[in-house]
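> Take this structure first; my questions come after.
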Amino acid sequence: MSIARICVITAAALGLTTAAVAQGWQSRTVQPAAPAPAKAKPPQPQRVAAKPAAARPSAQTPIAGQVEFLTRSVLLTLNDANRTGNYTVLRDVSAPSFRERNSAADLAQIFSELRRARLDLGVAAVMSPELDGAPSLEAERRLRLKGSYPTAPNRIVFDLVFEAVGGHWLLHGISMSTRPARTAAGGPAGR
């Protein structure tokens, strides 16, 4: 494999365009390295200005991609818990305030109806949620996401509350239900 091809492959792995690499490769001439002076100083590490710290979740509402991630991760974790009957992971990845209020056995009881209905929340992996308004910061700077997934014959309706813990949004409260799917006219299907 030629050196030019290796450079192009490496550049592609780094996200550079092959045209930019080819242009840079063609415009450079490789010169043999000059011998270093006898008392050359070792190169000093370059100092890079520190980037401003990312805003903590408690400081602002998340952007669209983060909203999808938060709803998707909670619903998929709940889906696994419903399928297995084991709510330990759902509890363990939630905020400390959620863990204090709910044991794994409590969660199994709370979601027993969803489990019996065999509601497949896995659609969250392939669908985007439809939010009922913009994400909002509520009392105590908790993030609230309300909306649904447009599944049929019933929509999956969620109301999720997150709190900022250690720079991450963690589940503080959850409510799940179903409603008849909407028709094109906006009313429930099957009337």
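Each chain in the structure tokens gets a letter, A, B, ..., in the order shown, and its residues are numbered from 1; ligands are numbered from 1 in order too.
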Find the residues around Thr151 of chain A up to 12 Å (only C-alpha atoms counted), leave out those fewer than 6 positions away in its own chain, and share them as a list in words.
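Listed by chain and then number, they are Leu119, Asp120, Leu121, Gly122, Val123, Ala124, Val126, Met127, Ser128, Pro129, Glu130, Val157, Thr178, Arg179, Pro180, Ala181, Arg182, Thr183 and Ala189 of chain A.
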> For segment 64-73 of chain A, please output as a count of residues only all residues within 12 Å (counting only C-alpha atoms; exclusion window: fewer than 2 positions along the same chain).
50
> Can you list, as a list in words, every protein, DNA or RNA residue that comes within 10 Å of Gly85 of chain A when you count only C-alpha atoms, leaving out same-chain residues fewer than 5 positions away?
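Close residues of Gly85 of chain A: Leu78, Asn79, Asp80, Ala104, Ala105, Leu107, Ala108, Gln109, Phe111, Ser112 and Arg115 of chain A.
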> Using only C-alpha atoms, which residue out of A:Arg116, A:Glu140, A:Asn102, A:Pro96 lies closest to Thr84 of chain A?
A:Arg116
> Write down as number ranges by chain the residues belonging to segment 51-116 of chain A that are assigned alpha helix (DSSP H) by DSSP computed on the backbone.
A: 64-84, 88-92, 96-101, 104-110, 112-116
> Kindly export the residues of the current selection with C-alpha atoms, as a compact mmCIF listing (two decimals), in the first residue's frame.

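Once everything was written out, this is result37.txt:
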# COMPACT_ATOMS: atom_id res chain seq x y z
CA ALA A 64 -33.45 18.03 20.69
CA GLY A 65 -30.93 15.17 20.39
CA GLN A 66 -30.55 15.05 24.16
CA VAL A 67 -34.33 14.98 24.62
CA GLU A 68 -34.58 11.97 22.31
CA PHE A 69 -31.71 10.29 24.14
CA LEU A 70 -33.29 10.85 27.56
CA THR A 71 -36.74 9.58 26.56
CA ARG A 72 -35.31 6.70 24.54
CA SER A 73 -32.97 5.49 27.29
CA VAL A 74 -35.68 5.57 29.97
CA LEU A 75 -38.26 3.78 27.81
CA LEU A 76 -35.81 1.11 26.66
CA THR A 77 -34.65 0.50 30.22
CA LEU A 78 -38.28 0.26 31.36
CA ASN A 79 -39.01 -2.07 28.43
CA ASP A 80 -36.21 -4.42 29.53
CA ALA A 81 -37.47 -4.27 33.12
CA ASN A 82 -41.02 -5.12 31.99
CA ARG A 83 -39.79 -8.02 29.84
CA THR A 84 -37.65 -9.53 32.59
CA THR A 88 -33.10 -3.15 39.55
CA VAL A 89 -31.33 -1.49 36.60
CA LEU A 90 -34.12 1.06 36.11
CA ARG A 91 -33.80 1.94 39.78
CA ASP A 92 -30.00 1.97 39.77
CA PRO A 96 -30.82 9.19 44.29
CA SER A 97 -34.18 10.79 45.13
CA PHE A 98 -35.92 8.21 42.90
CA ARG A 99 -33.99 5.31 44.49
CA GLU A 100 -34.90 6.53 47.99
CA ARG A 101 -38.63 6.48 47.14
CA ALA A 104 -37.14 -2.66 42.75
CA ALA A 105 -40.17 -4.47 44.23
CA ASP A 106 -42.12 -1.19 44.35
CA LEU A 107 -41.35 -0.58 40.68
CA ALA A 108 -42.43 -4.10 39.77
CA GLN A 109 -45.77 -3.39 41.44
CA ILE A 110 -46.14 0.07 39.87
CA SER A 112 -47.32 -4.57 36.74
CA GLU A 113 -50.19 -3.50 34.45
CA LEU A 114 -47.79 -2.46 31.68
CA ARG A 115 -45.98 -5.76 32.11
CA ARG A 116 -49.23 -7.76 31.91
> Between atom CA of Ala95 of chain A and atom CA of Ala164 of chain A, what distance in Å does the model show, to one decimal?
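Between atom CA of Ala95 of chain A and atom CA of Ala164 of chain A the gap is 8.2 Å.
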> Any idea what the distance is between atom CA of His172 of chain A and atom CA of Arg142 of chain A?
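According to the coordinates, atom CA of His172 of chain A and atom CA of Arg142 of chain A are separated by 8.3 Å.
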